[in-house]
>>> print(open('work-v4.cif').read())   # mmCIF, C-alpha atoms
data_structure
loop_
_atom_site.label_atom_id
_atom_site.label_comp_id
_atom_site.auth_asym_id
_atom_site.auth_seq_id
_atom_site.Cartn_x
_atom_site.Cartn_y
_atom_site.Cartn_z
CA MET A 1 24.89 78.41 119.81
CA ALA A 2 27.05 78.50 116.71
CA ASN A 3 30.74 78.19 117.32
CA ASN A 4 32.51 78.96 114.04
CA GLU A 5 36.27 78.98 114.07
CA GLU A 6 36.12 82.53 112.73
CA ASP A 7 34.28 83.66 115.84
CA VAL A 8 37.23 83.17 118.19
CA LYS A 9 40.77 84.35 117.57
CA LEU A 10 43.69 84.19 119.95
CA LEU A 11 46.81 86.29 119.53
CA GLY A 12 49.58 84.59 121.49
CA PHE A 13 53.26 83.82 121.80
CA TRP A 14 54.47 80.19 121.98
CA ALA A 15 56.63 80.67 125.08
CA SER A 16 54.26 82.89 127.01
CA PRO A 17 52.62 81.30 130.07
CA PHE A 18 49.90 83.95 129.78
CA SER A 19 49.02 82.74 126.28
CA GLY A 20 49.39 79.09 127.31
CA ARG A 21 46.77 79.30 130.03
CA VAL A 22 44.23 80.81 127.61
CA LYS A 23 44.86 77.93 125.17
CA MET A 24 44.25 75.49 128.03
CA ALA A 25 40.98 77.18 128.95
CA LEU A 26 39.69 77.16 125.37
CA LYS A 27 40.62 73.50 125.01
CA LEU A 28 38.98 72.65 128.31
CA LYS A 29 35.75 74.20 127.06
CA GLY A 30 36.04 72.59 123.62
CA VAL A 31 36.09 75.96 121.87
CA SER A 32 37.57 76.05 118.36
CA TYR A 33 39.63 79.10 117.59
CA GLU A 34 42.07 80.57 115.15
CA TYR A 35 45.51 80.97 116.68
CA LEU A 36 47.71 83.84 115.50
CA GLU A 37 51.33 83.52 116.68
CA GLN A 38 52.81 86.94 117.41
CA ASP A 39 56.32 88.30 117.21
CA ILE A 40 56.57 90.07 120.56
CA VAL A 41 59.68 91.98 119.59
CA ASN A 42 58.47 93.32 116.22
CA LYS A 43 54.84 93.72 117.15
CA SER A 44 52.29 93.40 114.40
CA ALA A 45 49.95 96.21 113.43
CA LEU A 46 47.09 93.92 114.44
CA LEU A 47 48.40 93.45 117.99
CA LEU A 48 48.98 97.18 118.42
CA GLU A 49 45.50 97.90 117.11
CA LEU A 50 43.79 95.33 119.33
CA ASN A 51 45.73 96.07 122.53
CA PRO A 52 46.89 99.68 122.27
CA VAL A 53 47.03 100.13 126.04
CA PHE A 54 49.47 97.36 126.93
CA LYS A 55 50.60 96.08 123.48
CA LYS A 56 50.87 92.54 124.88
CA VAL A 57 49.65 89.01 124.27
CA PRO A 58 47.36 87.25 124.84
CA VAL A 59 44.46 89.00 123.17
CA LEU A 60 41.20 87.16 122.58
CA VAL A 61 38.75 88.28 119.94
CA HIS A 62 35.24 86.85 120.17
CA LYS A 63 32.48 88.03 117.85
CA GLY A 64 34.41 91.21 117.27
CA GLN A 65 34.82 91.89 121.01
CA ILE A 66 38.42 92.35 122.12
CA LEU A 67 39.74 91.12 125.44
CA ALA A 68 43.20 91.52 126.96
CA GLU A 69 44.85 90.42 130.25
CA SER A 70 44.95 86.66 130.73
CA HIS A 71 43.02 86.52 134.04
CA LEU A 72 40.19 88.54 132.54
CA ILE A 73 40.20 86.38 129.41
CA LEU A 74 39.96 83.21 131.51
CA GLU A 75 37.00 84.60 133.46
CA TYR A 76 35.31 85.73 130.23
CA ILE A 77 35.77 82.25 128.73
CA ASP A 78 34.32 80.71 131.90
CA GLN A 79 31.25 82.96 131.82
CA THR A 80 30.65 82.55 128.09
CA TRP A 81 31.07 78.77 127.75
CA LYS A 82 29.50 77.20 130.82
CA ASN A 83 30.73 73.58 130.48
CA ASN A 84 33.70 72.42 132.62
CA PRO A 85 33.67 75.43 134.97
CA ILE A 86 37.02 77.01 135.75
CA LEU A 87 36.11 79.26 138.67
CA PRO A 88 34.31 78.14 141.84
CA GLN A 89 30.72 79.32 142.37
CA ASP A 90 31.14 80.35 145.98
CA PRO A 91 32.14 84.05 146.24
CA TYR A 92 34.76 83.37 148.91
CA GLU A 93 36.38 80.50 147.02
CA LYS A 94 36.36 82.70 143.91
CA ALA A 95 38.02 85.58 145.79
CA MET A 96 40.70 83.15 147.03
CA ALA A 97 41.36 81.81 143.52
CA ARG A 98 41.71 85.38 142.22
CA PHE A 99 43.98 86.34 145.12
CA TRP A 100 46.37 83.43 144.59
CA ALA A 101 46.37 83.90 140.81
CA LYS A 102 47.40 87.54 141.31
CA PHE A 103 50.07 86.35 143.76
CA VAL A 104 51.47 83.91 141.19
CA ASP A 105 51.77 86.46 138.40
CA GLU A 106 52.75 89.53 140.42
CA GLN A 107 54.96 88.03 143.14
CA VAL A 108 56.05 84.49 142.27
CA GLY A 109 56.88 85.32 138.64
CA PRO A 110 59.21 88.26 139.33
CA VAL A 111 60.71 87.06 142.64
CA CYS A 112 61.28 83.47 141.55
CA PHE A 113 62.87 84.28 138.25
CA LYS A 114 63.93 87.88 137.69
CA SER A 115 65.29 88.31 141.24
CA VAL A 116 67.02 84.93 141.10
CA VAL A 117 68.70 85.84 137.80
CA LYS A 118 69.85 89.19 139.17
CA ALA A 119 70.74 87.72 142.61
CA ASP A 120 71.51 91.19 143.97
CA LYS A 121 72.05 89.79 147.46
CA GLY A 122 73.64 86.55 146.31
CA ILE A 123 72.07 83.41 144.87
CA GLU A 124 71.35 81.72 148.22
CA VAL A 125 69.34 84.66 149.52
CA ALA A 126 67.48 84.90 146.20
CA ILE A 127 66.56 81.20 146.32
CA GLU A 128 65.51 81.47 149.97
CA GLU A 129 63.21 84.41 149.23
CA ALA A 130 61.77 82.60 146.22
CA GLN A 131 61.10 79.47 148.24
CA GLU A 132 59.37 81.51 150.97
CA LEU A 133 56.79 82.59 148.40
CA ILE A 134 56.44 79.12 146.90
CA THR A 135 55.74 77.76 150.40
CA PHE A 136 52.45 79.68 150.40
CA LEU A 137 51.38 77.69 147.34
CA GLU A 138 52.59 74.43 148.87
CA LYS A 139 50.16 75.04 151.75
CA GLU A 140 47.32 75.99 149.39
CA VAL A 141 47.48 72.75 147.40
CA ALA A 142 48.10 70.46 150.40
CA GLY A 143 45.83 67.43 150.42
CA LYS A 144 44.24 68.29 147.06
CA ASP A 145 44.73 66.81 143.59
CA PHE A 146 44.63 70.30 142.13
CA PHE A 147 44.18 73.84 143.47
CA GLY A 148 40.67 73.56 142.08
CA GLY A 149 40.00 70.34 144.00
CA LYS A 150 39.32 67.17 142.04
CA THR A 151 39.61 68.86 138.66
CA ILE A 152 41.76 71.68 137.30
CA GLY A 153 40.50 75.21 137.78
CA PHE A 154 41.47 78.86 137.44
CA LEU A 155 44.47 78.75 139.76
CA ASP A 156 45.76 75.51 138.20
CA LEU A 157 45.71 77.16 134.77
CA VAL A 158 47.50 80.28 136.05
CA ALA A 159 50.03 78.56 138.32
CA GLY A 160 50.43 75.58 136.00
CA SER A 161 51.31 77.67 132.96
CA MET A 162 53.64 79.85 135.04
CA ILE A 163 55.51 77.54 137.40
CA PRO A 164 56.25 74.04 136.09
CA PHE A 165 56.23 74.89 132.38
CA CYS A 166 57.83 78.31 132.40
CA LEU A 167 59.76 79.26 135.56
CA ALA A 168 60.92 75.67 136.14
CA ARG A 169 62.45 75.59 132.67
CA GLY A 170 64.41 78.68 133.65
CA TRP A 171 65.54 77.10 136.92
CA GLU A 172 66.57 73.99 134.98
CA GLY A 173 68.65 76.08 132.60
CA MET A 174 70.35 77.80 135.56
CA GLY A 175 70.99 74.47 137.28
CA ILE A 176 68.78 75.37 140.27
CA ASP A 177 66.57 72.82 142.03
CA MET A 178 64.04 75.37 143.26
CA ILE A 179 61.24 73.03 144.34
CA PRO A 180 62.91 69.82 145.58
CA GLU A 181 60.59 66.91 146.39
CA GLU A 182 61.59 66.69 150.06
CA LYS A 183 60.76 70.36 150.66
CA PHE A 184 57.70 70.65 148.39
CA PRO A 185 56.02 67.23 148.21
CA GLU A 186 52.53 68.69 147.63
CA LEU A 187 53.56 70.91 144.71
CA ASN A 188 55.55 68.10 143.13
CA ARG A 189 52.50 65.85 143.37
CA TRP A 190 50.40 68.61 141.81
CA ILE A 191 52.89 68.93 138.93
CA ARG A 192 52.72 65.16 138.30
CA ASN A 193 48.91 65.42 138.29
CA LEU A 194 49.08 68.28 135.77
CA ASN A 195 51.33 66.26 133.51
CA ASP A 196 48.62 63.59 133.37
CA ILE A 197 46.13 66.02 131.86
CA GLU A 198 46.10 65.93 128.07
CA ILE A 199 44.85 69.51 127.74
CA VAL A 200 47.79 70.77 129.77
CA ARG A 201 50.36 68.71 127.86
CA GLU A 202 49.01 69.95 124.53
CA CYS A 203 49.26 73.60 125.47
CA ILE A 204 52.71 73.88 126.96
CA PRO A 205 55.85 74.81 125.05
CA GLN A 206 58.35 72.10 124.12
CA ARG A 207 60.81 71.61 127.01
CA GLU A 208 64.19 72.19 125.34
CA LYS A 209 62.92 75.13 123.30
CA GLN A 210 61.47 76.71 126.46
CA ILE A 211 64.73 76.22 128.41
CA GLU A 212 66.61 77.92 125.56
CA HIS A 213 64.07 80.75 125.51
CA MET A 214 64.23 81.28 129.29
CA MET A 215 68.02 81.50 129.10
CA LYS A 216 67.67 84.30 126.54
CA VAL A 217 65.18 86.05 128.85
CA ALA A 218 67.69 85.66 131.70
CA GLU A 219 70.41 87.28 129.59
CA ARG A 220 68.16 90.26 128.85
CA ILE A 221 67.38 90.60 132.58
CA LYS A 222 71.08 90.63 133.45
CA LEU A 223 71.81 93.28 130.84
CA ALA A 224 68.92 95.54 131.80
CA MET B 22 23.39 84.26 161.89
CA ALA B 23 24.29 87.94 161.58
CA ASP B 24 27.24 88.76 159.35
CA GLU B 25 30.36 89.94 161.11
CA VAL B 26 32.34 92.25 158.84
CA ILE B 27 35.57 93.93 159.88
CA LEU B 28 37.70 96.20 157.72
CA LEU B 29 41.36 96.72 158.59
CA ASP B 30 42.32 99.95 156.88
CA LEU B 31 44.16 103.28 156.89
CA TRP B 32 42.21 106.54 156.52
CA ALA B 33 44.38 107.86 153.70
CA SER B 34 44.51 104.65 151.64
CA MET B 35 42.94 105.08 148.22
CA PHE B 36 42.65 101.28 148.16
CA GLY B 37 40.81 101.09 151.45
CA MET B 38 38.47 103.80 150.16
CA ARG B 39 37.34 101.42 147.41
CA THR B 40 36.23 98.81 149.93
CA ARG B 41 34.54 101.41 152.15
CA ILE B 42 32.59 102.73 149.16
CA ALA B 43 31.54 99.23 148.04
CA LEU B 44 30.35 98.30 151.54
CA ALA B 45 28.41 101.58 151.79
CA GLU B 46 26.83 101.15 148.36
CA LYS B 47 25.57 97.75 149.48
CA LYS B 48 24.56 99.09 152.93
CA VAL B 49 26.66 96.45 154.69
CA LYS B 50 27.28 97.14 158.39
CA TYR B 51 30.90 96.71 159.36
CA GLU B 52 33.46 97.54 162.01
CA TYR B 53 36.21 99.85 160.80
CA ARG B 54 39.61 99.40 162.43
CA GLU B 55 42.39 101.88 161.78
CA GLU B 56 45.80 100.25 161.43
CA ASP B 57 49.14 101.77 162.38
CA LEU B 58 51.45 100.69 159.57
CA GLU B 59 54.49 101.31 161.78
CA ASN B 60 53.02 98.92 164.31
CA LYS B 61 50.85 96.38 162.47
CA SER B 62 48.27 94.53 164.54
CA SER B 63 48.59 90.79 165.08
CA LEU B 64 45.20 90.45 163.38
CA LEU B 65 46.50 92.12 160.22
CA LEU B 66 49.58 89.89 160.15
CA GLU B 67 47.44 86.82 160.73
CA MET B 68 44.79 87.71 158.13
CA ASN B 69 47.21 88.88 155.43
CA PRO B 70 50.43 86.92 155.99
CA VAL B 71 51.34 87.12 152.30
CA HIS B 72 51.42 90.90 151.87
CA LYS B 73 50.88 92.25 155.42
CA LYS B 74 48.97 95.16 153.85
CA ILE B 75 45.66 96.94 154.24
CA PRO B 76 42.87 96.89 153.37
CA VAL B 77 41.83 93.49 154.71
CA LEU B 78 38.16 92.58 154.70
CA ILE B 79 37.27 89.96 157.28
CA HIS B 80 33.86 88.35 156.76
CA ASN B 81 32.77 85.95 159.49
CA GLY B 82 36.41 85.37 160.39
CA LYS B 83 37.61 84.74 156.82
CA PRO B 84 39.94 87.29 155.19
CA VAL B 85 39.70 88.70 151.67
CA CYS B 86 42.75 90.69 150.56
CA GLU B 87 43.40 93.07 147.63
CA SER B 88 40.93 95.93 147.25
CA LEU B 89 39.50 95.17 143.81
CA ILE B 90 39.06 91.51 144.75
CA GLN B 91 37.21 92.79 147.84
CA VAL B 92 34.93 94.99 145.70
CA GLU B 93 33.97 92.00 143.52
CA TYR B 94 33.50 89.82 146.59
CA ILE B 95 31.20 92.43 148.15
CA ASP B 96 29.24 92.68 144.89
CA GLU B 97 28.79 88.90 144.71
CA THR B 98 28.11 88.27 148.40
CA TRP B 99 25.54 91.06 148.89
CA PRO B 100 23.83 91.28 145.50
CA GLY B 101 21.01 93.57 146.65
CA GLU B 102 19.37 95.91 144.18
CA THR B 103 22.46 97.51 142.73
CA SER B 104 25.30 95.73 140.95
CA LEU B 105 28.74 97.22 140.98
CA LEU B 106 29.77 95.20 137.92
CA PRO B 107 27.84 94.54 134.71
CA SER B 108 26.35 91.08 134.27
CA ASP B 109 27.34 90.73 130.60
CA PRO B 110 30.68 88.83 130.45
CA TYR B 111 32.25 91.20 127.94
CA GLN B 112 31.16 94.38 129.75
CA ARG B 113 32.40 92.82 132.96
CA ALA B 114 35.80 92.02 131.45
CA HIS B 115 35.93 95.55 130.06
CA ALA B 116 35.31 97.06 133.51
CA ARG B 117 37.87 94.77 135.13
CA PHE B 118 40.41 95.67 132.44
CA TRP B 119 40.19 99.34 133.41
CA GLY B 120 40.33 98.49 137.10
CA ASP B 121 43.47 96.52 136.35
CA PHE B 122 44.88 99.44 134.32
CA ILE B 123 44.29 101.81 137.23
CA ASP B 124 46.03 99.37 139.58
CA LYS B 125 49.00 98.88 137.32
CA LYS B 126 49.53 102.47 136.27
CA VAL B 127 48.12 105.16 138.55
CA ASN B 128 49.68 104.58 141.98
CA VAL B 129 53.05 103.37 140.74
CA THR B 130 53.48 106.58 138.74
CA ALA B 131 51.79 108.93 141.20
CA ARG B 132 53.93 107.75 144.12
CA ARG B 133 57.09 108.76 142.29
CA ILE B 134 55.89 112.37 142.33
CA TRP B 135 56.19 112.69 146.07
CA ALA B 136 58.03 109.61 147.34
CA THR B 137 61.04 109.59 145.04
CA LYS B 138 63.42 112.54 144.87
CA GLY B 139 64.14 114.03 141.48
CA GLU B 140 61.39 112.24 139.56
CA GLU B 141 58.56 114.74 140.06
CA LYS B 142 58.69 116.25 136.59
CA GLU B 143 58.81 112.97 134.67
CA ALA B 144 56.33 111.21 136.93
CA SER B 145 53.81 114.05 136.90
CA SER B 146 53.77 114.28 133.11
CA GLU B 147 53.38 110.47 132.96
CA LEU B 148 50.50 110.72 135.44
CA ILE B 149 48.76 113.35 133.30
CA GLU B 150 49.05 111.01 130.29
CA ILE B 151 47.54 108.15 132.29
CA LEU B 152 44.70 110.35 133.55
CA LYS B 153 44.05 111.54 129.99
CA THR B 154 43.79 107.91 128.86
CA LEU B 155 41.20 107.36 131.58
CA GLU B 156 39.43 110.57 130.59
CA ALA B 157 39.21 109.28 127.00
CA GLU B 158 37.72 106.02 128.28
CA LEU B 159 35.15 107.99 130.30
CA GLY B 160 34.23 110.05 127.24
CA ASP B 161 30.92 111.81 127.67
CA LYS B 162 29.48 109.21 129.99
CA ARG B 163 28.22 110.14 133.42
CA TYR B 164 30.26 107.37 135.00
CA PHE B 165 32.75 104.89 133.56
CA GLY B 166 30.07 102.21 133.31
CA GLY B 167 27.52 104.54 131.75
CA GLU B 168 24.55 105.82 133.73
CA THR B 169 25.27 103.86 136.88
CA PHE B 170 28.12 104.27 139.35
CA GLY B 171 30.22 101.11 139.51
CA TYR B 172 33.47 99.22 139.65
CA VAL B 173 35.75 101.47 137.59
CA ASP B 174 34.48 104.61 139.34
CA ILE B 175 35.15 102.90 142.66
CA ALA B 176 38.63 101.84 141.51
CA LEU B 177 39.65 105.39 140.61
CA ILE B 178 37.79 107.84 142.84
CA GLY B 179 39.99 107.40 145.93
CA PHE B 180 42.91 108.93 144.04
CA TYR B 181 40.90 112.18 143.79
CA SER B 182 41.65 112.86 147.45
CA TRP B 183 45.33 112.62 146.57
CA PHE B 184 45.22 115.04 143.60
CA GLY B 185 46.27 117.87 145.94
CA VAL B 186 49.44 115.94 146.77
CA TYR B 187 50.26 115.34 143.10
CA ASP B 188 49.50 118.97 142.20
CA LYS B 189 51.69 120.29 145.01
CA PHE B 190 54.71 118.04 144.63
CA GLY B 191 54.48 117.67 140.86
CA ASN B 192 53.86 121.36 140.31
CA ILE B 193 50.93 120.58 138.04
CA SER B 194 47.25 121.28 137.93
CA ILE B 195 45.25 118.15 137.24
CA GLU B 196 42.09 120.28 137.10
CA SER B 197 43.34 122.31 134.14
CA GLU B 198 44.73 119.26 132.30
CA CYS B 199 41.83 116.88 132.91
CA SER B 200 38.74 118.97 133.51
CA LYS B 201 36.32 116.23 132.40
CA LEU B 202 37.81 113.84 134.92
CA ILE B 203 37.45 116.44 137.68
CA ALA B 204 33.80 116.93 136.69
CA TRP B 205 33.33 113.14 136.96
CA ALA B 206 35.01 113.12 140.38
CA LYS B 207 32.71 115.87 141.64
CA ARG B 208 29.68 113.89 140.44
CA CYS B 209 30.97 110.86 142.36
CA MET B 210 31.52 113.00 145.46
CA GLN B 211 27.79 113.75 145.51
CA ARG B 212 27.19 110.13 146.42
CA GLU B 213 27.05 109.59 150.15
CA SER B 214 29.19 106.44 149.97
CA VAL B 215 32.02 108.38 148.30
CA ALA B 216 31.72 111.57 150.36
CA LYS B 217 31.98 109.56 153.57
CA ALA B 218 34.86 107.38 152.38
CA LEU B 219 37.18 110.06 151.03
CA PRO B 220 39.17 112.26 153.39
CA GLU B 221 39.52 115.97 152.58
CA THR B 222 42.26 116.66 150.07
CA GLU B 223 43.90 119.20 152.41
CA LYS B 224 44.15 116.58 155.15
CA VAL B 225 45.96 114.16 152.81
CA THR B 226 48.30 116.87 151.53
CA THR B 227 49.16 117.96 155.09
CA PHE B 228 49.73 114.34 156.08
CA ILE B 229 52.17 113.72 153.21
CA SER B 230 53.94 117.03 153.81
CA GLN B 231 54.39 116.00 157.43
CA CYS B 232 55.68 112.56 156.39
CA LEU B 233 58.26 114.25 154.23
CA GLY B 234 59.24 116.54 157.10
CA LEU B 235 58.04 119.66 155.33
CA GLU B 236 55.46 120.80 157.86
#
>>> encode(input="work-v4.cif", output="structure tokens")
Amino acid sequence: MANNEEDVKLLGFWASPFSGRVKMALKLKGVSYEYLEQDIVNKSALLLELNPVFKKVPVLVHKGQILAESHLILEYIDQTWKNNPILPQDPYEKAMARFWAKFVDEQVGPVCFKSVVKADKGIEVAIEEAQELITFLEKEVAGKDFFGGKTIGFLDLVAGSMIPFCLARGWEGMGIDMIPEEKFPELNRWIRNLNDIEIVRECIPQREKQIEHMMKVAERIKLA
Amino acid sequence: MADEVILLDLWASMFGMRTRIALAEKKVKYEYREEDLENKSSLLLEMNPVHKKIPVLIHNGKPVCESLIQVEYIDETWPGETSLLPSDPYQRAHARFWGDFIDKKVNVTARRIWATKGEEKEASSELIEILKTLEAELGDKRYFGGETFGYVDIALIGFYSWFGVYDKFGNISIESECSKLIAWAKRCMQRESVAKALPETEKVTTFISQCLGLE
């Protein structure tokens, strides 16, 4: 099956964990693609044309077919390029991976960053509530190298792009130790394992730049 | 070993309706258990400790939470003769995109019509816009997926039983604004799985009116 660079295009944003995880998936599968960095403030005509419903990155274009929403893009990539599978085969394991991925993006993301920045009930309460959610993930990864088992999978890509290389940069900038080793030994081990994977390292934003970016995001949250 | 399938649910939940429809489409036998959300069962809290919400599908003791995840799980576990999702990866992603859109947009907006004071006008006009977007996606097709009833139809149809609530509290008429969508809903209602899963609109409207202390 031909795999010309022109066949696959990815519209993304350098700091976005949603874009980052798609880059990881494409790299994992050895798929060449053309990357188009987007300005998410002054959105391009192309982005608005390709994703008129949500107007967001990432957007994947493959053979003229347009896909939006990172979870859906990851599953599409997994079904189209069968090497190095991302999702488990078993329907129950798959349902669990999808459940936790939804949890990461819809609960962990907002509660562990936005709510912490706003700290409506004080910073200690915000951190406590954030850590309650993170504890669920600590239990999920216990005893495993990765959420996916011996190799990285769907949940590793989602949680990996979101937590250590996005939210954690925000916590660092705010001077918060959200996932200390003594409280979250399993997650810390998982993060060290992720750092050993070349594909992951190549697709994450540069640390200082990301911290600076997250601080700007925090400012916007406070002003909103 | 026979499958043991239990569904923890609430009669009026448009999310629970999705799972009921999917199970019926696949002719899966299951035990339905009505939950009291004011007094959640220990089983619910044990099976969904993260969200403590219905619906929860319990298959041979193992829980699956989140209605659209349940619909996909049902489709994959009991393949049978009919598929609820297309097999082509792009068509599949397309269907899931619209399911996701419905999840992100419909309930959040619709709730504001009756659950939040003072927002009825804004929320109801936003809801009409969202429904019109869905109507445009439906186009002239029989169902969202084409000729066969499937995932996106299942994701949306439960809300039809709530249209009376939105009409009443939003002072709108969804039927006059989105007639094609209503025609689609009526087609879906001819399916046994849907007719059995959806409560009567009047029952839902009365229930909400009672919740708000208006009846």
>>> resolve_selection(input="work-v4.cif", expression="the PyMOL selection byres ((chain B and resi 97-110) around 6)", output="VMD selection string")
(chain A and resid 76) or (chain B and resid 94 to 96 111 to 113 171 to 172)
>>> resolve_selection(input="work-v4.cif", expression="the PyMOL selection byres ((chain A) within 10 of (chain B))", output="PyMOL selection string")
chain A and resi 53-54+62+65-69+71-80+90-96+98-100+102-103+107+132-133+136
>>> residues_around(input="work-v4.cif", residues="A:Ile134", least_positions_apart="6", cutoff="10 Å", atoms="all atoms listed in the file", output="short mmCIF file (atom, residue, chain, number, x, y, z; two decimals) with C-alpha atoms, in the frame of the given file")
data_model
loop_
_atom_site.label_atom_id
_atom_site.label_comp_id
_atom_site.auth_asym_id
_atom_site.auth_seq_id
_atom_site.Cartn_x
_atom_site.Cartn_y
_atom_site.Cartn_z
CA VAL A 104 51.47 83.91 141.19
CA GLN A 107 54.96 88.03 143.14
CA VAL A 108 56.05 84.49 142.27
CA VAL A 111 60.71 87.06 142.64
CA CYS A 112 61.28 83.47 141.55
CA GLU A 128 65.51 81.47 149.97
CA GLU A 140 47.32 75.99 149.39
CA ILE A 163 55.51 77.54 137.40
CA MET A 178 64.04 75.37 143.26
CA ILE A 179 61.24 73.03 144.34
CA PHE A 184 57.70 70.65 148.39
CA LEU A 187 53.56 70.91 144.71
#
>>> residues_around(input="work-v4.cif", residues="B:Ser230", least_positions_apart="2", cutoff="12 Å", atoms="only C-alpha atoms", output="list of chain:residue names")
B:Trp135, B:Ala136, B:Gly185, B:Val186, B:Tyr187, B:Lys189, B:Phe190, B:Glu223, B:Lys224, B:Val225, B:Thr226, B:Thr227, B:Phe228, B:Cys232, B:Leu233, B:Gly234, B:Leu235, B:Glu236
>>> atom_distance(input="work-v4.cif", atom1="atom CA of B:Trp32", atom2="atom CA of B:Lys142")
27.6 Å
>>> resolve_selection(input="work-v4.cif", expression="the PyMOL selection byres ((chain A and resi 171) around 10)", output="short mmCIF file (atom, residue, chain, number, x, y, z; two decimals) with C-alpha atoms, in the frame of the given file")
data_model
loop_
_atom_site.label_atom_id
_atom_site.label_comp_id
_atom_site.auth_asym_id
_atom_site.auth_seq_id
_atom_site.Cartn_x
_atom_site.Cartn_y
_atom_site.Cartn_z
CA CYS A 112 61.28 83.47 141.55
CA PHE A 113 62.87 84.28 138.25
CA VAL A 116 67.02 84.93 141.10
CA VAL A 117 68.70 85.84 137.80
CA PRO A 164 56.25 74.04 136.09
CA CYS A 166 57.83 78.31 132.40
CA LEU A 167 59.76 79.26 135.56
CA ALA A 168 60.92 75.67 136.14
CA ARG A 169 62.45 75.59 132.67
CA GLY A 170 64.41 78.68 133.65
CA GLU A 172 66.57 73.99 134.98
CA GLY A 173 68.65 76.08 132.60
CA MET A 174 70.35 77.80 135.56
CA GLY A 175 70.99 74.47 137.28
CA ILE A 176 68.78 75.37 140.27
CA ASP A 177 66.57 72.82 142.03
CA MET A 178 64.04 75.37 143.26
CA ILE A 179 61.24 73.03 144.34
CA ILE A 211 64.73 76.22 128.41
CA MET A 214 64.23 81.28 129.29
CA MET A 215 68.02 81.50 129.10
#
>>> closest_residue(input="work-v4.cif", among="B:Leu177, B:Arg39, B:Leu159, B:Ser62", to="B:Lys125", atoms="only C-alpha atoms")
B:Leu177
>>> atom_distance(input="work-v4.cif", atom1="atom CA of A:Leu11", atom2="atom CA of B:Leu148")
29.4 Å
>>> atom_distance(input="work-v4.cif", atom1="atom CA of A:Glu37", atom2="atom CA of A:Ser161")
17.3 Å
>>> residues_around(input="work-v4.cif", residues="A:Leu28", least_positions_apart="4", cutoff="12 Å", atoms="all atoms listed in the file", output="list in words")
Arg21, Val22, Lys23, Met24, Ser32, Leu74, Ile77, Asp78, Trp81, Lys82, Asn83, Asn84, Pro85, Ile86, Thr151, Ile152, Gly153, Phe154, Leu157, Ile197, Glu198, Ile199, Val200, Glu202 and Cys203 of chain A
>>> closest_residue(input="work-v4.cif", among="A:Pro88, A:Gly160, A:Pro52, A:Pro180", to="A:Pro17", atoms="all atoms listed in the file")
A:Gly160
